[in-house]
$ cat work.cif   # mmCIF, C-alpha atoms
data_my_file
#
loop_
_atom_site.label_atom_id
_atom_site.label_comp_id
_atom_site.auth_asym_id
_atom_site.auth_seq_id
_atom_site.Cartn_x
_atom_site.Cartn_y
_atom_site.Cartn_z
CA MET A 1 26.29 35.19 4.12
CA MET A 2 23.23 33.04 3.65
CA MET A 3 21.02 33.38 0.58
CA PHE A 4 17.24 33.11 0.72
CA ARG A 5 15.03 31.55 -1.92
CA LEU A 6 11.28 31.64 -2.38
CA ALA A 7 9.21 28.95 -4.06
CA ALA A 8 6.87 30.61 -6.58
CA LYS A 9 4.03 28.12 -6.17
CA SER A 10 3.79 27.08 -2.56
CA ASN A 11 1.13 26.88 0.08
CA VAL A 12 3.70 27.89 2.69
CA PRO A 13 3.51 31.66 3.25
CA PRO A 14 6.69 33.51 2.21
CA TYR A 15 7.59 34.60 5.76
CA ALA A 16 7.38 30.99 6.96
CA GLN A 17 9.62 29.87 4.08
CA LEU A 18 12.27 32.43 5.08
CA ALA A 19 12.13 31.46 8.77
CA GLU A 20 12.43 27.77 7.91
CA GLN A 21 15.46 28.44 5.70
CA VAL A 22 17.21 30.12 8.63
CA ARG A 23 16.38 27.15 10.88
CA GLN A 24 17.72 24.74 8.25
CA ALA A 25 20.88 26.81 7.83
CA LEU A 26 21.37 26.65 11.60
CA MET A 27 20.80 22.89 11.71
CA THR A 28 23.23 22.17 8.88
CA GLY A 29 25.86 24.58 10.19
CA VAL A 30 25.69 27.05 7.28
CA LEU A 31 24.89 29.64 9.96
CA ARG A 32 26.67 29.65 13.32
CA GLU A 33 26.34 31.46 16.62
CA GLY A 34 27.21 35.14 16.25
CA ASP A 35 26.63 35.24 12.48
CA ARG A 36 24.69 38.18 11.15
CA LEU A 37 21.58 37.49 9.07
CA PRO A 38 21.16 39.49 5.86
CA THR A 39 19.59 42.89 6.54
CA VAL A 40 15.94 43.36 5.68
CA LYS A 41 16.97 45.61 2.83
CA GLU A 42 19.38 43.02 1.40
CA VAL A 43 16.70 40.31 1.40
CA VAL A 44 14.08 42.66 -0.02
CA GLY A 45 16.43 43.72 -2.82
CA SER A 46 17.52 40.21 -3.78
CA LEU A 47 14.06 38.61 -3.73
CA ALA A 48 11.87 41.62 -4.70
CA ILE A 49 9.55 40.99 -1.76
CA ASN A 50 7.78 43.09 0.82
CA ALA A 51 9.88 44.27 3.77
CA ASN A 52 7.17 43.20 6.23
CA THR A 53 7.59 39.59 5.07
CA VAL A 54 11.23 39.61 6.15
CA LEU A 55 10.46 41.44 9.39
CA LYS A 56 7.79 38.89 10.22
CA ALA A 57 10.17 35.97 9.61
CA TYR A 58 12.88 37.57 11.77
CA ARG A 59 10.36 38.34 14.53
CA GLU A 60 9.29 34.70 14.58
CA LEU A 61 12.92 33.53 14.88
CA GLU A 62 13.51 36.09 17.61
CA HIS A 63 10.46 34.83 19.44
CA GLU A 64 11.89 31.29 19.30
CA GLY A 65 15.10 32.63 20.84
CA LEU A 66 17.23 31.66 17.84
CA VAL A 67 18.26 35.15 16.78
CA GLU A 68 18.43 38.61 18.30
CA GLY A 69 17.90 41.96 16.65
CA ARG A 70 20.37 44.62 17.73
CA GLN A 71 19.21 48.16 17.12
CA GLY A 72 20.93 49.67 14.12
CA ILE A 73 23.44 46.85 13.67
CA GLY A 74 21.48 43.86 12.44
CA THR A 75 20.05 40.50 13.42
CA PHE A 76 22.43 37.96 14.94
CA VAL A 77 22.31 34.22 15.57
CA LEU A 78 22.05 33.33 19.27
CA ARG A 79 21.88 29.54 19.13
CA ARG A 80 20.96 26.50 17.05
CA PRO A 81 17.46 25.06 17.26
CA ASP A 82 17.25 21.89 19.36
CA GLY A 83 18.28 18.90 17.30
CA PRO A 84 21.20 16.72 16.27
CA PRO A 85 24.72 18.26 15.96
CA PRO A 86 25.77 19.72 12.56
CA GLY A 87 27.70 16.74 11.17
CA THR A 88 24.68 14.45 11.48
CA HIS A 89 22.92 15.85 8.41
CA VAL A 90 25.94 15.37 6.16
CA LEU A 91 26.42 11.77 7.28
CA LEU A 92 22.76 10.88 6.84
CA ALA A 93 22.63 12.64 3.45
CA ARG A 94 25.60 10.52 2.31
CA SER A 95 24.03 7.24 3.31
CA LEU A 96 20.74 8.33 1.73
CA ALA A 97 22.55 9.05 -1.53
CA THR A 98 24.02 5.52 -1.45
CA TRP A 99 20.60 4.08 -0.78
CA ILE A 100 18.99 6.07 -3.63
CA ALA A 101 21.67 4.89 -6.04
CA LYS A 102 20.89 1.32 -4.98
CA ALA A 103 17.15 1.84 -5.46
CA ARG A 104 17.60 3.33 -8.92
CA LYS A 105 19.88 0.48 -9.91
CA ALA A 106 17.14 -1.91 -8.81
CA GLY A 107 14.84 -0.18 -11.32
CA LEU A 108 12.79 2.16 -9.07
CA ARG A 109 11.71 5.43 -10.59
CA ASP A 110 12.08 8.66 -8.55
CA ALA A 111 8.31 8.76 -8.08
CA ASP A 112 8.45 5.22 -6.62
CA ILE A 113 11.22 6.26 -4.26
CA GLU A 114 9.29 9.34 -3.12
CA SER A 115 6.14 7.40 -2.39
CA MET A 116 8.19 4.73 -0.56
CA VAL A 117 9.77 7.43 1.62
CA ARG A 118 6.39 8.96 2.35
CA SER A 119 4.70 5.68 3.23
CA THR A 120 7.67 4.58 5.39
CA LEU A 121 7.59 7.92 7.20
CA THR A 122 3.89 7.58 8.01
CA SER A 123 4.07 3.89 8.95
CA SER A 124 7.12 4.38 11.19
CA THR A 125 5.55 7.32 13.06
CA SER A 126 2.41 5.27 13.72
CA GLU A 127 4.57 2.36 14.95
CA GLU A 128 6.39 4.67 17.33
CA ALA A 129 3.10 6.06 18.53
CA THR A 130 1.67 2.62 19.31
CA ALA A 131 4.94 1.26 20.72
CA MET B 1 -1.85 53.35 12.21
CA SER B 2 -3.12 56.26 10.15
CA ALA B 3 -4.24 55.98 6.57
CA ALA B 4 -2.01 57.36 3.81
CA LEU B 5 -4.87 57.21 1.35
CA ALA B 6 -8.60 57.19 1.98
CA THR B 7 -11.61 57.46 -0.29
CA TYR B 8 -15.24 57.96 0.68
CA GLY B 9 -17.96 56.97 -1.78
CA LEU B 10 -15.66 58.06 -4.57
CA GLY B 11 -17.04 57.99 -8.11
CA ARG B 12 -16.04 59.26 -11.56
CA ARG B 13 -18.32 59.37 -14.57
CA PHE B 14 -17.32 59.87 -18.19
CA GLY B 15 -20.47 60.84 -20.11
CA SER B 16 -23.06 58.29 -19.10
CA LYS B 17 -20.53 55.65 -18.09
CA TRP B 18 -19.19 55.25 -14.55
CA ALA B 19 -15.48 54.38 -14.50
CA VAL B 20 -15.38 54.22 -10.69
CA GLN B 21 -18.43 53.93 -8.43
CA ASP B 22 -18.99 54.15 -4.71
CA CYS B 23 -15.38 53.41 -3.81
CA THR B 24 -14.66 53.56 -0.09
CA LEU B 25 -11.30 52.30 1.08
CA SER B 26 -8.35 53.24 3.21
CA ILE B 27 -4.76 52.18 2.76
CA PRO B 28 -2.53 52.36 5.86
CA GLU B 29 0.78 54.19 5.82
CA GLY B 30 3.87 52.25 4.77
CA ARG B 31 1.98 49.61 2.85
CA VAL B 32 2.53 48.33 -0.65
CA CYS B 33 -0.93 47.99 -2.11
CA GLY B 34 -1.68 45.98 -5.22
CA LEU B 35 -4.60 47.18 -7.32
CA VAL B 36 -5.96 44.40 -9.52
CA GLY B 37 -8.82 44.17 -11.94
CA ALA B 38 -9.65 43.43 -15.55
CA ASN B 39 -8.93 46.01 -18.26
CA GLY B 40 -11.45 48.83 -18.06
CA ALA B 41 -12.35 48.06 -14.45
CA GLY B 42 -11.42 51.58 -13.33
CA LYS B 43 -7.87 51.10 -12.03
CA THR B 44 -6.33 53.95 -14.01
CA THR B 45 -9.19 56.34 -13.19
CA LEU B 46 -8.84 55.58 -9.48
CA LEU B 47 -5.07 56.16 -9.60
CA ARG B 48 -5.50 59.41 -11.52
CA MET B 49 -7.96 60.71 -8.93
CA LEU B 50 -5.53 59.78 -6.13
CA ALA B 51 -2.79 61.63 -8.01
CA GLY B 52 -4.96 64.75 -8.37
CA LEU B 53 -5.06 64.43 -12.16
CA SER B 54 -8.76 63.73 -12.34
CA THR B 55 -11.60 65.33 -10.35
CA PRO B 56 -14.16 63.03 -8.72
CA THR B 57 -17.78 63.24 -9.84
CA THR B 58 -19.02 62.09 -6.45
CA GLY B 59 -17.54 61.41 -3.03
CA ASP B 60 -14.32 62.57 -1.48
CA LEU B 61 -10.73 61.48 -1.00
CA GLU B 62 -7.70 62.23 1.12
CA VAL B 63 -4.05 61.58 0.31
CA CYS B 64 -1.50 62.24 3.09
CA GLY B 65 -4.27 64.11 4.90
CA ARG B 66 -4.96 66.45 1.97
CA ARG B 67 -7.50 66.62 -0.84
CA PRO B 68 -5.44 66.22 -4.02
CA CYS B 69 -7.19 68.88 -6.10
CA ASP B 70 -7.13 71.61 -3.42
CA ASP B 71 -3.53 72.32 -2.91
CA VAL B 72 -0.42 72.71 -5.07
CA ALA B 73 1.83 71.66 -2.17
CA PHE B 74 0.15 68.25 -2.40
CA LEU B 75 2.08 67.57 -5.60
CA SER B 76 5.42 67.29 -3.82
CA ASP B 77 4.04 64.48 -1.64
CA VAL B 78 2.93 62.30 -4.53
CA GLY B 79 4.77 60.46 -7.28
CA PHE B 80 2.76 59.16 -10.19
CA LEU B 81 4.07 56.97 -12.98
CA ALA B 82 1.63 56.63 -15.87
CA GLN B 83 1.40 53.40 -17.79
CA GLU B 84 3.03 54.69 -20.96
CA ILE B 85 6.18 55.78 -19.01
CA PRO B 86 6.19 59.38 -20.23
CA LEU B 87 9.83 60.41 -20.70
CA HIS B 88 11.26 62.75 -23.30
CA LYS B 89 12.60 60.43 -25.98
CA ARG B 90 15.35 62.79 -27.12
CA TRP B 91 16.53 63.75 -23.67
CA ASN B 92 18.97 61.58 -21.79
CA ALA B 93 18.65 60.51 -18.13
CA GLU B 94 20.95 63.39 -17.08
CA ASP B 95 18.54 65.94 -18.63
CA HIS B 96 15.65 64.32 -16.76
CA LEU B 97 17.56 64.50 -13.48
CA ARG B 98 18.26 68.21 -13.97
CA PHE B 99 14.60 68.78 -14.84
CA GLY B 100 13.54 66.86 -11.72
CA ALA B 101 15.88 68.97 -9.57
CA ALA B 102 14.44 72.20 -10.98
CA MET B 103 10.81 71.18 -10.58
CA ASN B 104 10.73 69.53 -7.15
CA PRO B 105 11.34 71.33 -3.83
CA ARG B 106 12.39 68.16 -1.94
CA TRP B 107 14.50 66.73 -4.78
CA ASP B 108 17.18 64.26 -3.67
CA ASP B 109 19.70 64.03 -6.48
CA ASP B 110 21.83 61.38 -4.73
CA VAL B 111 18.90 58.98 -4.39
CA ALA B 112 18.04 59.18 -8.07
CA ARG B 113 21.64 59.09 -9.30
CA GLU B 114 22.76 56.21 -7.06
CA ARG B 115 19.90 54.07 -8.34
CA LEU B 116 20.73 54.65 -11.98
CA THR B 117 24.45 54.14 -11.43
CA ALA B 118 23.87 50.91 -9.48
CA LEU B 119 21.77 49.61 -12.39
CA GLN B 120 24.48 50.72 -14.87
CA ILE B 121 22.04 52.81 -16.86
CA PRO B 122 23.90 55.18 -19.20
CA LEU B 123 23.07 58.75 -18.19
CA GLN B 124 24.24 60.35 -21.44
CA GLN B 125 22.32 58.29 -23.99
CA PRO B 126 18.98 59.52 -25.33
CA ILE B 127 16.01 57.77 -23.74
CA ARG B 128 14.88 56.38 -27.11
CA THR B 129 18.04 54.22 -27.26
CA LEU B 130 17.36 52.59 -23.86
CA SER B 131 15.51 49.30 -23.36
CA GLY B 132 12.00 49.20 -21.93
CA GLY B 133 13.35 47.99 -18.59
CA GLN B 134 15.93 50.80 -18.45
CA ARG B 135 13.28 53.42 -19.27
CA ALA B 136 11.05 52.12 -16.50
CA GLN B 137 13.99 52.30 -14.09
CA VAL B 138 14.78 55.90 -15.12
CA ALA B 139 11.14 56.84 -14.55
CA LEU B 140 11.11 55.11 -11.15
CA ALA B 141 14.36 56.86 -10.14
CA LEU B 142 12.79 60.22 -11.06
CA CYS B 143 9.68 59.41 -9.03
CA LEU B 144 11.79 58.42 -6.02
CA GLY B 145 14.11 61.40 -6.44
CA LYS B 146 11.24 63.74 -5.60
CA ARG B 147 10.95 61.92 -2.23
CA PRO B 148 7.22 61.32 -2.37
CA ARG B 149 5.26 60.02 0.61
CA VAL B 150 2.85 58.25 -1.71
CA LEU B 151 3.89 56.58 -4.95
CA LEU B 152 1.24 55.63 -7.50
CA LEU B 153 2.27 53.31 -10.32
CA ASP B 154 -0.05 52.37 -13.17
CA GLU B 155 0.85 48.97 -14.64
CA PRO B 156 4.56 49.70 -14.20
CA VAL B 157 5.78 46.25 -15.24
CA ALA B 158 3.19 45.31 -17.86
CA ALA B 159 5.50 45.92 -20.81
CA LEU B 160 8.67 44.49 -19.25
CA ASP B 161 10.28 41.09 -19.78
CA PRO B 162 10.46 38.80 -16.70
CA LEU B 163 14.02 39.81 -15.75
CA ALA B 164 13.41 43.56 -16.12
CA ARG B 165 10.18 43.09 -14.18
CA ARG B 166 12.01 41.43 -11.31
CA GLU B 167 14.66 44.17 -11.30
CA PHE B 168 12.03 46.90 -11.29
CA LEU B 169 10.12 45.32 -8.40
CA SER B 170 13.38 44.78 -6.53
CA SER B 171 14.22 48.50 -6.86
CA LEU B 172 10.74 49.36 -5.66
CA ALA B 173 10.88 46.97 -2.69
CA THR B 174 14.25 48.42 -1.64
CA ALA B 175 12.87 51.97 -1.82
CA VAL B 176 9.97 50.98 0.42
CA ALA B 177 12.35 49.30 2.88
CA ASP B 178 14.09 52.68 3.21
CA GLY B 179 10.90 53.82 4.90
CA ASP B 180 8.28 56.54 4.87
CA LEU B 181 6.68 55.53 1.59
CA THR B 182 3.26 54.14 0.72
CA VAL B 183 2.85 52.55 -2.69
CA VAL B 184 -0.16 51.68 -4.81
CA LEU B 185 0.58 49.76 -7.97
CA SER B 186 -1.86 48.34 -10.46
CA SER B 187 -1.23 45.16 -12.37
CA HIS B 188 -3.03 42.14 -13.66
CA LEU B 189 -0.13 39.87 -12.81
CA VAL B 190 -1.11 38.57 -9.40
CA THR B 191 2.10 36.56 -8.99
CA ASP B 192 4.14 39.79 -9.14
CA LEU B 193 1.89 41.48 -6.62
CA GLU B 194 1.91 38.54 -4.23
CA ARG B 195 5.59 38.94 -3.47
CA ILE B 196 5.89 42.67 -3.17
CA CYS B 197 2.49 43.75 -1.83
CA ASP B 198 1.05 43.39 1.65
CA TYR B 199 -2.33 44.95 0.87
CA LEU B 200 -4.75 44.17 -1.92
CA VAL B 201 -7.56 46.04 -3.63
CA VAL B 202 -9.64 44.21 -6.24
CA VAL B 203 -11.86 46.20 -8.61
CA ALA B 204 -14.31 44.80 -11.17
CA ALA B 205 -16.70 46.71 -13.42
CA SER B 206 -16.03 50.03 -11.61
CA ARG B 207 -16.81 48.52 -8.18
CA THR B 208 -14.42 47.77 -5.31
CA MET B 209 -14.74 44.05 -4.60
CA LEU B 210 -12.13 43.68 -1.87
CA ALA B 211 -9.69 45.86 0.09
CA ALA B 212 -7.67 44.12 2.79
CA ASP B 213 -4.39 42.97 4.21
CA ILE B 214 -3.06 40.11 2.06
CA ASP B 215 -2.45 37.85 5.08
CA ASP B 216 -6.10 38.34 6.09
CA VAL B 217 -7.24 37.71 2.52
CA LEU B 218 -5.38 34.39 2.39
CA ALA B 219 -6.62 33.38 5.83
CA SER B 220 -10.29 34.09 5.18
CA HIS B 221 -10.91 32.62 1.72
CA ARG B 222 -11.42 28.92 1.08
CA LEU B 223 -12.64 26.54 -1.57
CA LEU B 224 -15.35 24.25 -0.20
CA THR B 225 -15.99 21.03 -2.09
CA SER B 226 -18.50 18.33 -1.44
CA ALA B 227 -20.54 15.69 -3.16
CA ARG B 228 -23.47 17.60 -4.69
CA ARG B 229 -25.01 19.49 -1.82
CA ASP B 230 -27.34 22.35 -0.97
CA ALA B 231 -25.34 25.51 -0.21
CA SER B 232 -27.96 27.58 1.62
CA VAL B 233 -26.47 27.04 5.09
CA ILE B 234 -23.05 28.14 3.84
CA GLU B 235 -24.66 31.17 2.16
CA ARG B 236 -26.33 32.15 5.41
CA ASP B 237 -23.07 32.19 7.41
CA HIS B 238 -20.50 33.15 4.78
CA VAL B 239 -20.15 34.98 1.47
CA VAL B 240 -20.19 32.70 -1.55
CA LEU B 241 -18.22 34.39 -4.33
CA GLN B 242 -18.59 31.72 -6.97
CA ARG B 243 -20.05 28.26 -7.32
CA GLU B 244 -19.69 25.40 -9.70
CA THR B 245 -22.13 22.52 -9.61
CA THR B 246 -21.92 19.36 -11.65
CA GLN B 247 -24.11 16.26 -11.49
CA ARG B 248 -22.08 14.95 -8.62
CA GLN B 249 -20.08 17.74 -7.07
CA THR B 250 -20.51 21.24 -5.63
CA ASP B 251 -17.57 23.68 -5.42
CA LEU B 252 -17.91 26.98 -3.58
CA TRP B 253 -15.41 29.85 -3.47
CA VAL B 254 -16.14 31.43 -0.11
CA ARG B 255 -15.16 34.34 2.11
CA LEU B 256 -15.48 32.86 5.58
CA ASN B 257 -16.97 34.68 8.55
CA GLY B 258 -15.95 31.89 10.91
CA PRO B 259 -15.36 28.15 10.89
CA VAL B 260 -17.31 25.78 8.63
CA HIS B 261 -19.25 23.46 10.92
CA ASP B 262 -20.65 21.00 8.38
CA PRO B 263 -18.03 18.21 7.98
CA ALA B 264 -19.46 17.25 4.59
CA TRP B 265 -17.59 20.20 3.11
CA GLN B 266 -13.93 19.68 2.45
CA VAL B 267 -12.12 22.96 3.14
CA ASN B 268 -9.19 23.79 0.83
CA GLU B 269 -6.80 26.74 0.85
CA LEU B 270 -6.82 29.11 -2.11
CA SER B 271 -3.90 30.90 -3.74
CA LEU B 272 -4.10 34.69 -4.05
CA GLU B 273 -4.57 34.30 -7.81
CA ASP B 274 -7.55 31.95 -7.32
CA ILE B 275 -9.08 34.42 -4.84
CA VAL B 276 -8.66 37.34 -7.25
CA LEU B 277 -10.21 35.31 -10.08
CA ALA B 278 -13.16 34.40 -7.87
CA TYR B 279 -13.80 38.11 -7.20
CA LEU B 280 -13.44 39.11 -10.83
CA GLY B 281 -16.23 36.70 -11.72
CA SER B 282 -18.28 37.51 -8.61
CA GLN B 283 -21.41 39.58 -7.97
CA HIS B 284 -20.45 40.60 -4.44
CA PRO B 285 -18.87 44.03 -4.17
CA LEU B 286 -17.30 45.08 -0.91
CA GLU B 287 -19.81 45.92 1.77
CA GLN B 288 -18.61 47.97 4.67
CA LYS B 289 -19.86 45.59 7.31
CA GLN B 290 -17.99 42.74 5.68
CA GLN B 291 -14.79 44.62 5.14
CA LEU B 292 -11.73 42.65 6.15
CA GLY B 293 -8.86 44.07 8.08
CA THR B 294 -11.07 46.30 10.18
CA VAL B 295 -10.44 43.88 13.03
CA ALA B 296 -7.82 45.38 15.35
CA SER B 297 -4.41 44.12 14.27
#
$ encode --input "work.cif" --output "structure tokens"
Amino acid sequence: MMMFRLAAKSNVPPYAQLAEQVRQALMTGVLREGDRLPTVKEVVGSLAINANTVLKAYRELEHEGLVEGRQGIGTFVLRRPDGPPPGTHVLLARSLATWIAKARKAGLRDADIESMVRSTLTSSTSEEATA
Amino acid sequence: MSAALATYGLGRRFGSKWAVQDCTLSIPEGRVCGLVGANGAGKTTLLRMLAGLSTPTTGDLEVCGRRPCDDVAFLSDVGFLAQEIPLHKRWNAEDHLRFGAAMNPRWDDDVARERLTALQIPLQQPIRTLSGGQRAQVALALCLGKRPRVLLLDEPVAALDPLARREFLSSLATAVADGDLTVVLSSHLVTDLERICDYLVVVAASRTMLAADIDDVLASHRLLTSARRDASVIERDHVVLQRETTQRQTDLWVRLNGPVHDPAWQVNELSLEDIVLAYLGSQHPLEQKQQLGTVAS
């Protein structure tokens, strides 16, 4: 069963945070086709949030065709979002960890690494766009 | 969707002082409404009038389609938990449950008991030996045991530590998820309200400043910043709640009535807490024509 979390200080609305966590769980393989999502009541009880927040998140996922609500039984996973197959994330995470270790060894602080990632992300998207 | 609670020009005066003035609002069924305001702003008086414990000086109100003071049957529809959590200190939870069963026609003993058992609250120990969090949970279980359609809670978590507060709000959220319940709870902790509420009422100095769906509130309030600049165009199109001007910079806390056309203003999102603070320091009470959430949803 997947567990939801909510960031206390975030500009992302709570329902969007929940929906994104389901998408991430589907991408990484934590959730698979046919799995049941936690019931609204379970999420509401564990996070102390409004039921409409959960309903809104589930409706959005339903609209995207990722899950399906079945009357009186629960909400079930239909398919993964479009994207790379499950193992990809684990492999990339491993090589990133190696890279980070290398960067730290070279004397970069975490803040340096973060800003390097951000600037590389922006510069590489603009390269792709002009290519 | 019909309104569970509605007030029309409601006011309550104590001597020469108005505790609540000209309060017109309506809270839809099934909502969890947060009531925020500084101490002495009139939150408790408003809740007491909704609960039928205080008679309005002016105006009118309707709770579940009834006027609270008219009708004894009204009492079974409404649960009210006062701030001081009034339980009998020498009684235990079991005594309170029996009392609840005897006093309330729609009493659901299983609901109340299951809650207390799930929270591992000892039913046989006198209330005075329980922690603040446990007392609050006993009181909430009693309120829910009477199966109210409207639940009014006055600062229910103010005295609780962060963990007990989370547990209390979790119990409350679960009860609402079970359906057929509208809640109004007052608090000055906006972060607590932000999670559990979907409707917000802000009161300041006895006036209602804002009453709207929280999603609409977040979508329609922005902080505009610019190099020092005249704000009259913004004031014409929108409602400026607060401003701060320094030698070089102008900041405006604004309720938008549409897009901001002047690109000189940088438009920033505001957290619910920032919005509430802007209203508490503002001179702009709610005007009917500007009321949010009246747009068809």
$ residues_around --input "work.cif" --residues "range 26-29 of chain A" --least-positions-apart "3" --cutoff "10 Å" --atoms "only C-alpha atoms" --output "short mmCIF file (atom, residue, chain, number, x, y, z; two decimals) with C-alpha atoms, in the coordinates of the input"
data_model
loop_
_atom_site.label_atom_id
_atom_site.label_comp_id
_atom_site.auth_asym_id
_atom_site.auth_seq_id
_atom_site.Cartn_x
_atom_site.Cartn_y
_atom_site.Cartn_z
CA GLU A 20 12.43 27.77 7.91
CA GLN A 21 15.46 28.44 5.70
CA VAL A 22 17.21 30.12 8.63
CA ARG A 23 16.38 27.15 10.88
CA ARG A 32 26.67 29.65 13.32
CA GLU A 33 26.34 31.46 16.62
CA LEU A 66 17.23 31.66 17.84
CA VAL A 77 22.31 34.22 15.57
CA ARG A 79 21.88 29.54 19.13
CA ARG A 80 20.96 26.50 17.05
CA PRO A 81 17.46 25.06 17.26
CA ASP A 82 17.25 21.89 19.36
CA GLY A 83 18.28 18.90 17.30
CA PRO A 84 21.20 16.72 16.27
CA PRO A 85 24.72 18.26 15.96
CA PRO A 86 25.77 19.72 12.56
CA GLY A 87 27.70 16.74 11.17
CA THR A 88 24.68 14.45 11.48
CA HIS A 89 22.92 15.85 8.41
CA VAL A 90 25.94 15.37 6.16
#
$ interface_residues --input "work.cif" --of "chain A" --to "chain B" --cutoff "12 Å" --atoms "all atoms listed in the file" --output "JSON, numbers by chain"
{"A": [6, 7, 8, 9, 10, 11, 12, 13, 14, 15, 39, 40, 41, 42, 43, 44, 45, 46, 47, 48, 49, 50, 51, 52, 53, 54, 55, 56]}
$ atom_distance --input "work.cif" --atom1 "CA of Val157 in chain B" --atom2 "CA of Met49 in chain B"
20.9 Å
$ closest_residue --input "work.cif" --among "A:Arg5, A:Arg118, A:Arg36, A:Arg104" --to "Ile73 in chain A" --atoms "only C-alpha atoms"
A:Arg36
$ axis_aligned_box --input "work.cif" --around "range 210-218 of chain B" --padding-each-side "6 Å" --output "JSON"
{"center_x": -7.3, "center_y": 40.1, "center_z": 2.1, "size_x": 21.7, "size_y": 23.5, "size_z": 20.0}
$ atom_distance --input "work.cif" --atom1 "CA of Pro162 in chain B" --atom2 "CA of Gly133 in chain B"
9.8 Å
$ atom_distance --input "work.cif" --atom1 "CA of Gly42 in chain B" --atom2 "CA of Leu200 in chain B"
15.2 Å
$ resolve_selection --input "work.cif" --expression "the PyMOL selection byres ((chain B and resi 36) around 8)" --output "number ranges by chain"
B: 34-35, 37-38, 43, 186-188, 190, 200-203, 276
$ decode --input "work.cif" --residues "range 116-162 of chain B" --atoms "C-alpha atoms" --output "mmCIF file, in the first residue's frame"
data_model
loop_
_atom_site.group_PDB
_atom_site.id
_atom_site.type_symbol
_atom_site.label_atom_id
_atom_site.label_comp_id
_atom_site.auth_asym_id
_atom_site.auth_seq_id
_atom_site.Cartn_x
_atom_site.Cartn_y
_atom_site.Cartn_z
ATOM 1 C CA LEU B 116 -12.277 5.954 21.962
ATOM 2 C CA THR B 117 -11.198 2.314 21.755
ATOM 3 C CA ALA B 118 -9.216 2.935 18.559
ATOM 4 C CA LEU B 119 -7.390 5.782 20.318
ATOM 5 C CA GLN B 120 -6.793 3.538 23.375
ATOM 6 C CA ILE B 121 -8.424 6.015 25.716
ATOM 7 C CA PRO B 122 -9.200 4.377 29.076
ATOM 8 C CA LEU B 123 -12.971 4.427 29.586
ATOM 9 C CA GLN B 124 -12.850 3.763 33.328
ATOM 10 C CA GLN B 125 -10.449 6.469 34.475
ATOM 11 C CA PRO B 126 -11.772 9.805 35.751
ATOM 12 C CA ILE B 127 -11.507 12.584 33.176
ATOM 13 C CA ARG B 128 -9.196 14.610 35.443
ATOM 14 C CA THR B 129 -6.500 11.908 35.079
ATOM 15 C CA LEU B 130 -6.537 12.079 31.255
ATOM 16 C CA SER B 131 -4.216 14.241 29.152
ATOM 17 C CA GLY B 132 -5.477 17.337 27.352
ATOM 18 C CA GLY B 133 -5.405 15.490 24.040
ATOM 19 C CA GLN B 134 -7.385 12.557 25.459
ATOM 20 C CA ARG B 135 -10.000 14.897 26.959
ATOM 21 C CA ALA B 136 -10.426 16.650 23.627
ATOM 22 C CA GLN B 137 -10.877 13.259 21.942
ATOM 23 C CA VAL B 138 -13.497 12.188 24.513
ATOM 24 C CA ALA B 139 -15.384 15.433 23.912
ATOM 25 C CA LEU B 140 -15.183 14.981 20.127
ATOM 26 C CA ALA B 141 -16.406 11.375 20.415
ATOM 27 C CA LEU B 142 -19.393 12.585 22.456
ATOM 28 C CA CYS B 143 -20.166 15.274 19.885
ATOM 29 C CA LEU B 144 -19.999 12.732 17.050
ATOM 30 C CA GLY B 145 -21.967 10.136 19.016
ATOM 31 C CA LYS B 146 -25.028 12.376 18.882
ATOM 32 C CA ARG B 147 -24.789 12.204 15.052
ATOM 33 C CA PRO B 148 -25.048 15.920 14.413
ATOM 34 C CA ARG B 149 -25.497 17.357 10.939
ATOM 35 C CA VAL B 150 -23.549 20.447 11.925
ATOM 36 C CA LEU B 151 -20.554 20.394 14.246
ATOM 37 C CA LEU B 152 -19.299 23.646 15.765
ATOM 38 C CA LEU B 153 -15.894 23.609 17.425
ATOM 39 C CA ASP B 154 -14.465 26.603 19.264
ATOM 40 C CA GLU B 155 -10.646 26.550 19.240
ATOM 41 C CA PRO B 156 -10.636 22.767 19.659
ATOM 42 C CA VAL B 157 -6.878 22.331 19.276
ATOM 43 C CA ALA B 158 -5.593 25.538 20.874
ATOM 44 C CA ALA B 159 -4.461 23.850 24.080
ATOM 45 C CA LEU B 160 -3.083 20.668 22.503
ATOM 46 C CA ASP B 161 0.524 19.740 21.731
ATOM 47 C CA PRO B 162 1.389 19.232 18.027
#
